[in-house]
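Okay, structure first, notes after.
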Amino acid sequence: MGLKIAIQGVKASFHEEASFKYFGEDIETIECDTFKKTCELLKQKKVDYVVMAIENSIAGSILPNYNLLRDYKFNIVGEIALSIHQNLLALPGVKLADIKFIESHQMAIRQCEEFLQELPDVKISESSDTAASAAKVANQKLTDTAAIAGTLAAKTYGLNILEAKIETNKKIVRDS
């Protein structure tokens, strides 16, 4: 195994996707509940790097993460632009008409507001992570619930994409 990379979120999260894109597939990602936890692991030299979002096309600068970089006196050593495409994921065989609940991270929900407004009878709930929502749908075999998450989460957890690219902001970010 190569480098150890601390990420906020779980397997198949956008932070893991960014880690693979930047460092390659031969890495070990260490899942953390918070960005502060990722910084603690780096400070303790338990990981080689942290991958952390600091800008979002909808929310703008993620100031708490800039504060962490300042407080821990960490330097930014690289940058990756990752186009975030949100998808509505469900178990195989489940149709959009079957969905009564949608779950995802609050930022993903905000990124998909226009799509979600078209589903007034569906209850939307926030979770800690997009990929964690996908894992929950898969692991608990929820036939009335969909998750908003990325393509990597669909592939990792064996879910179908009911609707692709449901984010409101379709601005294309060039890969770098």
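As shown in the structure tokens, the chain order sets the letters A, B, ...; within each chain, residues go from 1, and ligands are also counted from 1 in the order they appear.
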
Taking 3 positions as the minimum chain separation for residues in the same chain, which residues sit within 8 Å of Leu63 in chain A when counting only C-alpha atoms? Answer as a PyMOL selection string. chain A and resi 54+66-67

What lies within 10 Å of range 137-151 of chain A using only C-alpha atoms, ignoring chain neighbours under 3 positions off, as a ChimeraX atom specification? /A:12-14,17,84-105,108-109,112,122-125,127,129-134,154-167

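What separates CA of Thr29 in chain A from CA of Ile58 in chain A is a distance of 26.2 Å.
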
Residues within 12 Å of Thr34 in chain A, only C-alpha atoms, excluding chain neighbours under 6 positions, as a VMD selection string: chain A and resid 6 to 10 15 40 to 41 50 to 53 64 to 65 68 128 to 129

Any chance you could list, as a VMD selection string, the residues in range 103-158 of chain A that come up helix (DSSP H, G or I) when DSSP is run on the backbone? chain A and resid 106 to 111 113 to 117 130 to 139 151 to 157

A:Met107, A:Cys32, A:Ala135, A:Cys39 ranked by distance to Gly60 in chain A, top pick (using only C-alpha atoms):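 Nearest candidate to Gly60 in chain A out of A:Met107, A:Cys32, A:Ala135, A:Cys39: A:Met107.
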
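For the atom pair formed by CA of Ala18 in chain A and CA of Ile80 in chain A, the distance is 7.0 Å, given to one decimal.
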
Atom pair CA of Glu126 in chain A / CA of Ser19 in chain A: separation (Å): 24.2 Å

Per DSSP on the backbone, what are the strand (DSSP E) residues of range 26-158 of chain A, as a ChimeraX atom specification? /A:28-32,49-51,55-56,60-61,87-90,101-105,123-127,145-149

Using only C-alpha atoms, which of the listed residues (A:Leu119, A:Leu42, A:Ile5, A:Ile62) sits closest to Glu28 in chain A? A:Ile5

Counting only C-alpha atoms, the option among A:Glu31, A:Ser61, A:Lys4, A:Phe20 closest to Val47 in chain A: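 Distance minimum relative to Val47 in chain A lands on A:Lys4.
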
Given only C-alpha atoms as the counted atoms, nearest of A:Gly2, A:Glu55, A:Arg70, A:Asp121 to Asp26 in chain A: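 Smallest separation from Asp26 in chain A among the options: A:Gly2.
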